[in-house]
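Colleague: Quick one, protein_35.pdb (PDB, C-alpha atoms):
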```pdb
ATOM      1  CA  MET A   1      38.498  19.781  40.867
ATOM      2  CA  GLU A   2      35.401  18.299  39.281
ATOM      3  CA  TYR A   3      33.539  21.603  39.651
ATOM      4  CA  LEU A   4      36.421  23.415  37.939
ATOM      5  CA  SER A   5      36.485  21.034  34.975
ATOM      6  CA  HIS A   6      32.706  21.386  34.544
ATOM      7  CA  ARG A   7      33.008  25.155  34.666
ATOM      8  CA  ILE A   8      35.774  25.178  32.054
ATOM      9  CA  LEU A   9      33.733  22.893  29.855
ATOM     10  CA  LEU A  10      30.668  25.084  30.243
ATOM     11  CA  GLU A  11      32.657  28.215  29.447
ATOM     12  CA  THR A  12      34.096  26.703  26.304
ATOM     13  CA  ILE A  13      30.687  25.479  25.131
ATOM     14  CA  ILE A  14      28.781  28.713  25.607
ATOM     15  CA  MET A  15      31.815  30.934  25.384
ATOM     16  CA  ALA A  16      30.865  32.888  28.458
ATOM     17  CA  ASP A  17      32.922  35.766  29.700
ATOM     18  CA  VAL A  18      33.041  36.509  33.355
ATOM     19  CA  GLN A  19      33.776  40.116  34.132
ATOM     20  CA  GLN A  20      35.071  40.984  37.560
ATOM     21  CA  LYS A  21      34.289  44.414  38.954
ATOM     22  CA  GLU A  22      35.669  45.819  42.112
ATOM     23  CA  SER A  23      33.467  47.725  44.453
ATOM     24  CA  SER A  24      33.945  51.466  44.277
ATOM     25  CA  ARG A  25      33.349  51.925  47.987
ATOM     26  CA  LYS A  26      36.314  52.172  50.239
ATOM     27  CA  LEU A  27      34.945  51.534  53.695
ATOM     28  CA  GLY A  28      37.850  49.567  54.892
ATOM     29  CA  CYS A  29      36.161  46.201  54.959
ATOM     30  CA  ALA A  30      36.884  43.791  52.188
ATOM     31  CA  ARG A  31      33.808  43.116  50.175
ATOM     32  CA  SER A  32      33.396  40.278  47.779
ATOM     33  CA  LYS A  33      33.879  41.057  44.159
ATOM     34  CA  LYS A  34      30.726  41.114  42.015
ATOM     35  CA  LEU A  35      30.836  38.941  38.959
ATOM     36  CA  SER A  36      29.005  39.827  35.767
ATOM     37  CA  THR A  37      28.306  37.170  33.147
ATOM     38  CA  ARG A  38      28.088  37.751  29.397
ATOM     39  CA  ILE A  39      27.021  34.848  27.166
ATOM     40  CA  ASP A  40      28.169  34.739  23.565
ATOM     41  CA  LEU A  41      25.396  33.187  21.428
ATOM     42  CA  THR A  42      27.413  33.013  18.210
ATOM     43  CA  PRO A  43      28.108  29.245  18.447
ATOM     44  CA  MET A  44      24.421  28.516  19.044
ATOM     45  CA  VAL A  45      23.432  30.583  16.011
ATOM     46  CA  ASP A  46      26.071  28.776  13.929
ATOM     47  CA  LEU A  47      24.696  25.435  15.095
ATOM     48  CA  GLY A  48      21.157  26.548  14.234
ATOM     49  CA  PHE A  49      22.162  27.469  10.686
ATOM     50  CA  LEU A  50      24.032  24.198  10.286
ATOM     51  CA  LEU A  51      20.940  22.271  11.360
ATOM     52  CA  ILE A  52      18.685  24.258   9.033
ATOM     53  CA  THR A  53      21.091  23.641   6.146
ATOM     54  CA  PHE A  54      21.247  19.931   6.985
ATOM     55  CA  PHE A  55      17.466  19.562   7.039
ATOM     56  CA  ILE A  56      17.032  21.509   3.807
ATOM     57  CA  PHE A  57      19.484  19.270   1.965
ATOM     58  CA  THR A  58      18.227  15.990   3.399
ATOM     59  CA  THR A  59      14.461  16.449   3.102
ATOM     60  CA  THR A  60      12.588  15.538  -0.026
ATOM     61  CA  LEU A  61       9.939  17.851  -1.295
ATOM     62  CA  SER A  62       6.563  16.424  -2.200
ATOM     63  CA  ARG A  63       6.849  14.787  -5.542
ATOM     64  CA  PRO A  64       4.135  15.434  -8.078
ATOM     65  CA  THR A  65       1.895  12.471  -8.644
ATOM     66  CA  ALA A  66       1.261  11.842 -12.283
ATOM     67  CA  MET A  67      -0.050   8.983 -14.299
ATOM     68  CA  LYS A  68       2.527   7.339 -16.501
ATOM     69  CA  LEU A  69       1.486   7.326 -20.119
ATOM     70  CA  ILE A  70       3.147   4.996 -22.550
ATOM     71  CA  LEU A  71       3.616   6.943 -25.740
ATOM     72  CA  PRO A  72       3.904   5.154 -29.076
ATOM     73  CA  ALA A  73       6.964   5.436 -31.248
ATOM     74  CA  ASP A  74       6.931   7.974 -34.055
ATOM     75  CA  GLY A  75       5.841   6.664 -37.406
ATOM     76  CA  ASN A  76       2.756   5.276 -39.034
ATOM     77  CA  GLY A  77      -0.067   4.464 -36.659
ATOM     78  CA  SER A  78      -1.455   0.977 -36.387
ATOM     79  CA  LYS A  79      -4.937   0.059 -37.534
ATOM     80  CA  SER A  80      -7.476  -1.452 -35.189
ATOM     81  CA  PRO A  81     -10.580  -3.372 -36.253
ATOM     82  CA  GLN A  82     -13.874  -1.565 -35.680
ATOM     83  CA  SER A  83     -15.165  -4.448 -33.574
ATOM     84  CA  LYS A  84     -12.398  -3.839 -31.003
ATOM     85  CA  THR A  85     -12.781  -0.051 -30.811
ATOM     86  CA  LEU A  86     -14.802   2.031 -28.338
ATOM     87  CA  ASN A  87     -15.144   5.777 -28.958
ATOM     88  CA  LEU A  88     -15.658   8.100 -25.989
ATOM     89  CA  ILE A  89     -16.557  11.727 -26.711
ATOM     90  CA  LEU A  90     -16.211  13.851 -23.593
ATOM     91  CA  SER A  91     -19.039  16.377 -23.603
ATOM     92  CA  SER A  92     -20.373  19.118 -21.343
ATOM     93  CA  ASP A  93     -22.062  18.592 -17.948
ATOM     94  CA  ASN A  94     -19.845  15.573 -17.121
ATOM     95  CA  ASN A  95     -21.444  13.494 -19.876
ATOM     96  CA  VAL A  96     -19.749  10.958 -22.124
ATOM     97  CA  ILE A  97     -21.111  10.002 -25.532
ATOM     98  CA  TYR A  98     -19.952   6.555 -26.595
ATOM     99  CA  TYR A  99     -20.274   4.266 -29.596
ATOM    100  CA  SER A 100     -18.487   1.191 -30.941
ATOM    101  CA  GLY A 101     -16.440   1.245 -34.112
ATOM    102  CA  LEU A 102     -17.780   3.634 -36.751
ATOM    103  CA  ALA A 103     -21.456   3.253 -35.821
ATOM    104  CA  LYS A 104     -22.043   6.878 -34.853
ATOM    105  CA  GLU A 105     -25.785   6.442 -35.276
ATOM    106  CA  THR A 106     -25.838   4.079 -32.275
ATOM    107  CA  ALA A 107     -24.233   6.670 -29.985
ATOM    108  CA  ALA A 108     -25.540   6.797 -26.432
ATOM    109  CA  ILE A 109     -24.835   8.996 -23.428
ATOM    110  CA  THR A 110     -23.535   8.121 -19.958
ATOM    111  CA  ASN A 111     -21.657   9.709 -17.030
ATOM    112  CA  TYR A 112     -18.444   9.001 -15.107
ATOM    113  CA  SER A 113     -20.009   6.825 -12.408
ATOM    114  CA  VAL A 114     -19.123   3.207 -11.732
ATOM    115  CA  SER A 115     -22.369   2.058 -13.331
ATOM    116  CA  GLY A 116     -21.788   4.458 -16.225
ATOM    117  CA  LEU A 117     -18.473   4.731 -18.023
ATOM    118  CA  ARG A 118     -16.717   1.937 -16.154
ATOM    119  CA  SER A 119     -19.412  -0.636 -16.891
ATOM    120  CA  ILE A 120     -19.436   0.347 -20.584
ATOM    121  CA  ILE A 121     -15.663  -0.109 -20.818
ATOM    122  CA  GLU A 122     -15.812  -3.454 -19.004
ATOM    123  CA  ASN A 123     -18.679  -4.677 -21.246
ATOM    124  CA  LYS A 124     -16.684  -3.735 -24.359
ATOM    125  CA  MET A 125     -13.644  -5.566 -22.986
ATOM    126  CA  LYS A 126     -15.767  -8.692 -22.381
ATOM    127  CA  GLU A 127     -17.160  -8.445 -25.916
ATOM    128  CA  VAL A 128     -13.658  -8.147 -27.407
ATOM    129  CA  GLY A 129     -12.508 -11.031 -25.189
ATOM    130  CA  MET A 130     -15.256 -13.265 -26.571
ATOM    131  CA  LEU A 131     -14.527 -12.271 -30.184
ATOM    132  CA  SER A 132     -10.732 -12.500 -30.173
ATOM    133  CA  GLY A 133      -9.948 -14.429 -27.015
ATOM    134  CA  ASN A 134      -7.932 -11.561 -25.553
ATOM    135  CA  LYS A 135      -9.739  -8.665 -23.890
ATOM    136  CA  SER A 136      -6.533  -6.592 -23.745
ATOM    137  CA  GLU A 137      -6.907  -5.959 -27.502
ATOM    138  CA  THR A 138      -9.652  -3.433 -26.741
ATOM    139  CA  VAL A 139      -8.821   0.033 -28.087
ATOM    140  CA  VAL A 140     -10.510   3.073 -26.540
ATOM    141  CA  LEU A 141     -10.469   6.423 -28.350
ATOM    142  CA  ILE A 142     -10.899   9.295 -25.885
ATOM    143  CA  LYS A 143     -12.031  12.452 -27.660
ATOM    144  CA  PRO A 144     -12.438  15.591 -25.543
ATOM    145  CA  THR A 145     -14.480  18.451 -26.993
ATOM    146  CA  ASN A 146     -14.336  22.190 -26.381
ATOM    147  CA  HIS A 147     -17.106  21.771 -23.789
ATOM    148  CA  SER A 148     -15.303  19.159 -21.667
ATOM    149  CA  THR A 149     -13.060  20.074 -18.766
ATOM    150  CA  TYR A 150      -9.598  18.947 -17.732
ATOM    151  CA  LYS A 151     -11.227  16.990 -14.902
ATOM    152  CA  ASN A 152     -13.249  15.046 -17.481
ATOM    153  CA  VAL A 153     -10.062  13.989 -19.287
ATOM    154  CA  VAL A 154      -8.403  12.940 -16.022
ATOM    155  CA  ASP A 155     -11.530  10.992 -14.996
ATOM    156  CA  ALA A 156     -11.542   9.181 -18.344
ATOM    157  CA  LEU A 157      -7.848   8.313 -17.996
ATOM    158  CA  ASP A 158      -8.490   7.092 -14.450
ATOM    159  CA  GLU A 159     -11.220   4.785 -15.761
ATOM    160  CA  MET A 160      -8.736   3.373 -18.289
ATOM    161  CA  LYS A 161      -6.316   2.578 -15.468
ATOM    162  CA  ILE A 162      -9.000   1.129 -13.184
ATOM    163  CA  SER A 163     -10.543  -0.997 -15.936
ATOM    164  CA  GLY A 164      -7.169  -2.292 -17.091
ATOM    165  CA  VAL A 165      -7.330  -0.879 -20.617
ATOM    166  CA  THR A 166      -3.811  -0.945 -22.021
ATOM    167  CA  ARG A 167      -4.579   0.496 -25.455
ATOM    168  CA  PHE A 168      -6.160   3.917 -25.474
ATOM    169  CA  VAL A 169      -5.681   7.023 -27.565
ATOM    170  CA  LEU A 170      -6.294  10.623 -26.592
ATOM    171  CA  THR A 171      -7.324  12.458 -29.760
ATOM    172  CA  ASP A 172      -9.517  15.326 -30.900
ATOM    173  CA  ALA A 173     -13.152  14.858 -31.837
ATOM    174  CA  THR A 174     -13.726  15.174 -35.568
ATOM    175  CA  GLU A 175     -15.988  17.809 -37.087
ATOM    176  CA  GLU A 176     -18.438  15.073 -38.011
ATOM    177  CA  GLU A 177     -18.628  13.950 -34.368
ATOM    178  CA  ALA A 178     -19.070  17.550 -33.208
ATOM    179  CA  ALA A 179     -21.946  17.965 -35.688
ATOM    180  CA  LEU A 180     -23.468  14.701 -34.426
ATOM    181  CA  LEU A 181     -23.283  16.012 -30.880
ATOM    182  CA  ALA A 182     -24.948  19.266 -31.877
ATOM    183  CA  ARG A 183     -27.794  17.423 -33.641
ATOM    184  CA  ARG A 184     -28.507  14.573 -31.258
ATOM    185  CA  PHE A 185     -27.498  15.732 -27.802
TER     186      PHE A 185
END
```
For the structure just supplied, provide its representation as structure tokens.
Modeller:
Amino acid sequence: MEYLSHRILLETIIMADVQQKESSRKLGCARSKKLSTRIDLTPMVDLGFLLITFFIFTTTLSRPTAMKLILPADGNGSKSPQSKTLNLILSSDNNVIYYSGLAKETAAITNYSVSGLRSIIENKMKEVGMLSGNKSETVVLIKPTNHSTYKNVVDALDEMKISGVTRFVLTDATEEEAALLARRF
């Protein structure tokens, strides 16, 4: 009885057909009938497609990682004192030309290393902190040129995030700054 119930269950799961064929010989002795089995794979294929559909709908694709930028509201821009402003001009060969305020004649050159750009930003933040009592009032103007790469811009934005600069502007270098670069560097 138990064997029969297992066989019925197995046949309903895999939908197997058992074909009985009689022997074509007629020798007078009764031979056992040969059984042929045919397995229907349709339910297994259906189950496979259901599983694939389930996993497609339940998995999450890799989400792009992007830095959140806080954009200002439309309208007139705010003014920042020169003493709180650091200008970064992104140049060729992974170089950064920097100067404080409007003092373009004091421009110097650095790179994207920890002892380069990061230390300059942190020194400017300390200077602004001593002058105004709040180092978060530091404003950094990032000015990529035609010779800088996308990687340079991303590296500069990463340094803003690492250094904790909350006020920075991504803007174009002026013609005067481009002429300064051509003359001095």
Colleague: With all atoms listed in the file as the counted atoms, please give the residues lying no more than 12 Å from Leu180 in chain A, apart from itself and same-chain residues fewer than 2 positions off, as a PyMOL selection string.
Modeller: chain A and resi 89+91+97-99+103-108+173-178+182-185
Colleague: Go ahead and save the picked residues with C-alpha atoms, as a CSV table (one decimal), keeping the file's coordinate frame.
Modeller:
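And here is the file that came out, selection16.csv:
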```
chain,number,residue,atom,x,y,z
A,89,ILE,CA,-16.6,11.7,-26.7
A,91,SER,CA,-19.0,16.4,-23.6
A,97,ILE,CA,-21.1,10.0,-25.5
A,98,TYR,CA,-20.0,6.6,-26.6
A,99,TYR,CA,-20.3,4.3,-29.6
A,103,ALA,CA,-21.5,3.3,-35.8
A,104,LYS,CA,-22.0,6.9,-34.9
A,105,GLU,CA,-25.8,6.4,-35.3
A,106,THR,CA,-25.8,4.1,-32.3
A,107,ALA,CA,-24.2,6.7,-30.0
A,108,ALA,CA,-25.5,6.8,-26.4
A,173,ALA,CA,-13.2,14.9,-31.8
A,174,THR,CA,-13.7,15.2,-35.6
A,175,GLU,CA,-16.0,17.8,-37.1
A,176,GLU,CA,-18.4,15.1,-38.0
A,177,GLU,CA,-18.6,14.0,-34.4
A,178,ALA,CA,-19.1,17.6,-33.2
A,182,ALA,CA,-24.9,19.3,-31.9
A,183,ARG,CA,-27.8,17.4,-33.6
A,184,ARG,CA,-28.5,14.6,-31.3
A,185,PHE,CA,-27.5,15.7,-27.8
```
Colleague: CA of Tyr150 in chain A and CA of Thr166 in chain A, how far apart in Å?
Modeller: 21.2 Å
Colleague: Would you be able to write out as a ChimeraX atom specification which residues have an atom within 8 Å of (-5.2, -6.4, -23.9) in the file's coordinates, counting all atoms listed in the file?
Modeller: /A:134-138,165-167
Colleague: Name the residues in contact with Ser119 in chain A at a cut-off of 10 Å, using only C-alpha atoms, excluding same-chain residues fewer than 6 positions from it; report them as number ranges by chain.
Modeller: A: 112-113, 125, 159, 163
Colleague: Would you output that residue set with C-alpha atoms, as a PDB file, in the coordinates of the input?
Modeller:
```
ATOM      1  CA  TYR A 112     -18.444   9.001 -15.107  1.00  0.00           C
ATOM      2  CA  SER A 113     -20.009   6.825 -12.408  1.00  0.00           C
ATOM      3  CA  MET A 125     -13.644  -5.566 -22.986  1.00  0.00           C
ATOM      4  CA  GLU A 159     -11.220   4.785 -15.761  1.00  0.00           C
ATOM      5  CA  SER A 163     -10.543  -0.997 -15.936  1.00  0.00           C
TER       6      SER A 163
END
```
Colleague: CA of Ile142 in chain A and CA of Phe168 in chain A, how far apart in Å?
Modeller: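 Between these atoms lies a distance of 7.2 Å.
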Colleague: Kindly indicate which residue among A:Arg38, A:Ala66, A:Leu157, A:Asn94 lies nearest to Gly116 in chain A, using only C-alpha atoms for the distances.
Modeller: A:Asn94
